[in-house]
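**Q** Questions regarding the structure given below will be posed in turn.
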Amino acid sequence: MSLQATTSQTVGPFFKLGLHWLNQENLAGEGVAGERVTIQGRVLDGDGVPVPDAILEIWQANAQGKYAHPADTQNKPLAPSFLGYGRVPVTPHGVFRFTTIKPGPVPGPDGTNQAPHLLVSVFMRGLLRRLITRIYFSDEPANASDYVLNLVEAARRPTLIARWRGDQPGVLEWNVVLQGPDETVFFDLGL
Amino acid sequence: MKPVAGYREPYPGTQPNHLHPAYASSIKRAPTKPQVRIPYTLSEVTGPTFGPEIVQPKASDLTRQHHGEPLGERIIVSGRVLDENSRPLANMLVEIWQANAAGRYCHEVDQHDAPLDPNFSGFGHAITDAEGRYRFVTIRPGEYPWRNHYNAWRPAHIHFSLFGPAFATRLVTQMYFPGDPLIPFDPIFNCTADEKARNRLISVFDWETTMPMHALGYRFDIILRGREATPMED
């Protein structure tokens, strides 16, 4: 028998109540191997105003490019105690910040590896369903041949790329811009 | 590398668009540029997995999280989590949050002039069993006003959050109660064009789970996207 997926509804303004218990600013505890990076930025609405009630969820592979999930059958080591998941709310000023390890390359759809990337779900009041996007790394040569990045028109690709901040070692900046000329590229997975 | 099987497309109208002007908050937050269609890769067909050990039993009984009992009508909300292929989804995290019986959230942003209940926090979580079943004991949430339009009121509802087996199956939704007169006027409920799809957000009164002399039962089954058949190899 075939069923239809339940319809999505907004998280509303009070999601912190139910979702806060899984918040974590550091996805990779001590002992998790890999290059440690901190990603920070803001969520901005169509007026450029910071969104005070958004929450991001991160999904990523470990430093070897292995996902902690049974569907990843690659012969690569798992990182003990690294789930690859993070739930990161914004502050009342619309700012988010989290620390993790840079993921390794994972297989892409055309037989080549994808460039290192984080998957991001964005939830907030006003969004009837989540937005899906990705974070890539600005100093990564593999970006040039990444299958997904190359599906995006060149002028909009920078919205998917976190850039090293010169003033803070180990910190990259990446923003979620909901509307306007610098609108972040969001992906369609059929939902 | 074999092509990766994706997840089924929603039937047209069964999922909301991002922009729904009657829901005023969507106007400055819904993206305006077309979303970029991408193929499924290993990144989207994997996702966080949680074991039963992260959930404490008291987390699914919202009436037992404080010393005293919360005010309001005790209810039992239960159901099954299935995929579109009718397969029960075991070991799936289900998170809920809601207003108290007076229609007030235990949240600093909620300024509605209704009392907080010191014995009710209004959130919980559970893990589905081998048949995909979950069960919460809580109190029936109150309706409450909001500022979307003149004399706007949200119908009573409970927020649900589920991950499912992959990044692609993540779902956040809201459960409503049968017979609530506010439902037809709610722009959030109405954002889904397909009438049958939105009506499935209304729980069903359930004698099977109603406990004599204790609490009414409401059933709310949740369907997550089903996997497409694995692509054939050449």
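Here, A, B, ... name the chains of the structure tokens in the order displayed, residue numbers run from 1 inside each chain, and ligands are numbered from 1 in the same displayed order.
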Residues of chain B within 7 Å of chain A, counting only C-alpha atoms - could you list those as a PyMOL selection string?
**A** chain B and resi 1+3+9-10+14-16+18+25-26+28-32+35-38+41-42+46-49+84-86+95-97+107+123-124+171-174+197-198+222-225
**Q** Produce a file of the selected residues containing N, CA and C atoms, as a short mmCIF file (atom, residue, chain, number, x, y, z; two decimals), in the first residue's frame.
**A**
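Everything below was put into selection_1.cif:
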data_model
loop_
_atom_site.label_atom_id
_atom_site.label_comp_id
_atom_site.auth_asym_id
_atom_site.auth_seq_id
_atom_site.Cartn_x
_atom_site.Cartn_y
_atom_site.Cartn_z
N MET B 1 30.60 3.88 -9.07
CA MET B 1 29.62 4.18 -8.02
C MET B 1 28.22 4.06 -8.60
N PRO B 3 24.23 4.66 -8.98
CA PRO B 3 23.38 5.79 -8.63
C PRO B 3 22.66 5.54 -7.30
N GLU B 9 8.75 11.75 -4.53
CA GLU B 9 8.25 13.11 -4.68
C GLU B 9 6.92 13.24 -3.96
N PRO B 10 6.64 14.37 -3.34
CA PRO B 10 5.30 14.55 -2.77
C PRO B 10 4.25 14.67 -3.87
N THR B 14 0.33 18.47 -1.62
CA THR B 14 0.30 17.87 -0.28
C THR B 14 1.35 18.46 0.65
N GLN B 15 2.23 19.31 0.10
CA GLN B 15 3.21 20.00 0.94
C GLN B 15 3.10 21.50 0.67
N PRO B 16 3.31 22.33 1.68
CA PRO B 16 3.13 23.78 1.49
C PRO B 16 4.25 24.39 0.65
N HIS B 18 6.82 27.62 0.13
CA HIS B 18 7.48 28.44 1.15
C HIS B 18 6.71 29.75 1.38
N SER B 25 4.26 35.95 8.36
CA SER B 25 5.70 35.79 8.62
C SER B 25 6.44 35.19 7.43
N SER B 26 5.72 34.55 6.51
CA SER B 26 6.41 33.94 5.37
C SER B 26 6.86 34.98 4.35
N LYS B 28 8.57 37.88 4.35
CA LYS B 28 9.96 38.34 4.34
C LYS B 28 10.96 37.21 4.55
N ARG B 29 10.46 35.99 4.63
CA ARG B 29 11.37 34.88 4.94
C ARG B 29 11.38 33.79 3.88
N ALA B 30 10.37 33.73 3.05
CA ALA B 30 10.37 32.71 2.00
C ALA B 30 11.35 33.10 0.91
N PRO B 31 12.19 32.18 0.45
CA PRO B 31 13.12 32.51 -0.64
C PRO B 31 12.36 32.95 -1.89
N THR B 32 12.98 33.84 -2.68
CA THR B 32 12.33 34.36 -3.89
C THR B 32 12.91 33.76 -5.15
N GLN B 35 14.64 27.28 -6.27
CA GLN B 35 15.57 26.36 -5.62
C GLN B 35 16.23 25.48 -6.67
N VAL B 36 17.43 25.06 -6.37
CA VAL B 36 18.23 24.30 -7.34
C VAL B 36 18.02 22.82 -7.09
N ARG B 37 17.51 22.13 -8.09
CA ARG B 37 17.27 20.70 -7.96
C ARG B 37 18.60 19.96 -8.01
N ILE B 38 18.84 19.10 -7.05
CA ILE B 38 20.08 18.33 -7.05
C ILE B 38 19.75 16.84 -6.96
N THR B 41 22.61 12.13 -3.23
CA THR B 41 23.94 11.56 -3.06
C THR B 41 23.97 10.90 -1.68
N LEU B 42 25.10 10.30 -1.37
CA LEU B 42 25.23 9.68 -0.05
C LEU B 42 24.92 10.67 1.08
N THR B 46 21.81 9.62 3.98
CA THR B 46 22.23 9.32 5.35
C THR B 46 21.69 10.43 6.24
N GLY B 47 21.81 10.26 7.54
CA GLY B 47 21.32 11.28 8.46
C GLY B 47 21.57 10.81 9.88
N PRO B 48 21.34 11.72 10.84
CA PRO B 48 21.65 11.35 12.22
C PRO B 48 20.78 10.21 12.72
N THR B 49 21.38 9.32 13.47
CA THR B 49 20.63 8.22 14.08
C THR B 49 20.78 8.33 15.59
N GLU B 84 6.21 5.99 3.33
CA GLU B 84 5.17 5.97 2.30
C GLU B 84 4.97 4.58 1.71
N ASN B 85 5.92 3.70 1.98
CA ASN B 85 5.78 2.32 1.53
C ASN B 85 5.15 1.45 2.62
N SER B 86 4.54 2.10 3.62
CA SER B 86 3.83 1.43 4.72
C SER B 86 4.75 0.64 5.64
N GLU B 95 10.03 14.27 18.75
CA GLU B 95 10.09 15.37 19.72
C GLU B 95 8.80 16.17 19.62
N ILE B 96 8.28 16.60 20.78
CA ILE B 96 7.06 17.43 20.76
C ILE B 96 7.24 18.66 21.67
N TRP B 97 6.47 19.71 21.37
CA TRP B 97 6.36 20.85 22.27
C TRP B 97 4.99 21.48 22.07
N HIS B 107 7.89 29.94 27.48
CA HIS B 107 8.95 30.47 26.61
C HIS B 107 8.94 31.98 26.78
N PHE B 123 7.24 20.13 26.88
CA PHE B 123 8.03 19.47 25.83
C PHE B 123 8.39 18.06 26.26
N GLY B 124 8.66 17.22 25.26
CA GLY B 124 9.04 15.85 25.54
C GLY B 124 9.58 15.18 24.29
N LEU B 171 11.21 15.94 9.12
CA LEU B 171 9.86 16.52 9.09
C LEU B 171 9.57 17.25 10.40
N VAL B 172 9.07 18.47 10.28
CA VAL B 172 8.49 19.18 11.43
C VAL B 172 7.05 19.48 11.06
N THR B 173 6.12 19.16 11.95
CA THR B 173 4.72 19.39 11.63
C THR B 173 3.95 19.76 12.89
N GLN B 174 2.63 19.86 12.77
CA GLN B 174 1.78 20.16 13.91
C GLN B 174 0.57 19.25 13.88
N ALA B 197 -4.76 16.12 2.54
CA ALA B 197 -3.43 16.13 3.16
C ALA B 197 -3.45 16.95 4.45
N ARG B 198 -4.09 18.12 4.40
CA ARG B 198 -4.08 18.94 5.63
C ARG B 198 -4.98 18.32 6.69
N ILE B 222 2.10 9.30 11.62
CA ILE B 222 2.97 10.21 10.87
C ILE B 222 3.65 9.41 9.76
N ILE B 223 3.55 9.93 8.54
CA ILE B 223 4.13 9.25 7.39
C ILE B 223 5.34 10.05 6.92
N LEU B 224 6.48 9.40 6.86
CA LEU B 224 7.69 10.04 6.33
C LEU B 224 7.92 9.56 4.90
N ARG B 225 8.69 10.34 4.16
CA ARG B 225 8.91 10.01 2.74
C ARG B 225 9.49 8.61 2.59
#
**Q** My list of candidates is A:Leu172, A:Ile135, A:Thr38, A:Asp182. Which is closest to Leu160 in chain A when distances are computed with only C-alpha atoms?
**A**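 Nearest to Leu160 in chain A: A:Ile135.
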**Q** Taking only C-alpha atoms into account, which of B:Tyr144, B:Tyr105, B:Phe185, B:Phe50 comes nearest Tyr23 in chain B?
**A**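 Nearest candidate to Tyr23 in chain B out of B:Tyr144, B:Tyr105, B:Phe185, B:Phe50: B:Phe185.
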**Q** Tell me, as an MDAnalysis selection string, which residues lie within 10 Å of Ser78 in chain B, counting only C-alpha atoms; anything in the same chain fewer than 6 positions away does not count.
**A** chainID B and resid 133:137 203 206 209 217:221
**Q** Output C-alpha atoms for every residue in the selection just made, as an mmCIF file, in the first residue's frame.
**A**
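Everything below was put into part31.cif:
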data_model
loop_
_atom_site.group_PDB
_atom_site.id
_atom_site.type_symbol
_atom_site.label_atom_id
_atom_site.label_comp_id
_atom_site.auth_asym_id
_atom_site.auth_seq_id
_atom_site.Cartn_x
_atom_site.Cartn_y
_atom_site.Cartn_z
ATOM 1 C CA ARG B 133 4.793 3.201 17.740
ATOM 2 C CA TYR B 134 5.235 6.215 20.005
ATOM 3 C CA ARG B 135 3.183 7.362 22.992
ATOM 4 C CA PHE B 136 3.032 10.570 25.011
ATOM 5 C CA VAL B 137 1.019 11.474 28.082
ATOM 6 C CA SER B 203 -5.673 13.600 15.178
ATOM 7 C CA ASP B 206 -9.194 6.841 19.893
ATOM 8 C CA THR B 209 -5.852 4.147 23.832
ATOM 9 C CA GLY B 217 -6.640 9.016 23.749
ATOM 10 C CA TYR B 218 -5.844 10.705 20.437
ATOM 11 C CA ARG B 219 -4.136 8.906 17.582
ATOM 12 C CA PHE B 220 -1.784 10.682 15.183
ATOM 13 C CA ASP B 221 0.043 8.561 12.633
#
**Q** When you draw a straight line from CA of Tyr176 in chain B to CA of Asn17 in chain B, how long is it in Å?
**A**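 It comes out at 20.1 Å.
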**Q** Within 12 Å of Ile75 in chain B, counting only C-alpha atoms, which residues show up once you throw out same-chain ones fewer than 5 positions away? Write them as number ranges by chain, please.
**A** B: 61-63, 70, 101, 135-141, 158, 177, 205-207, 209-219
**Q** Find the distance between CA of Gln40 in chain A and CA of Val171 in chain A and write it in Å to one decimal.
**A** 7.2 Å
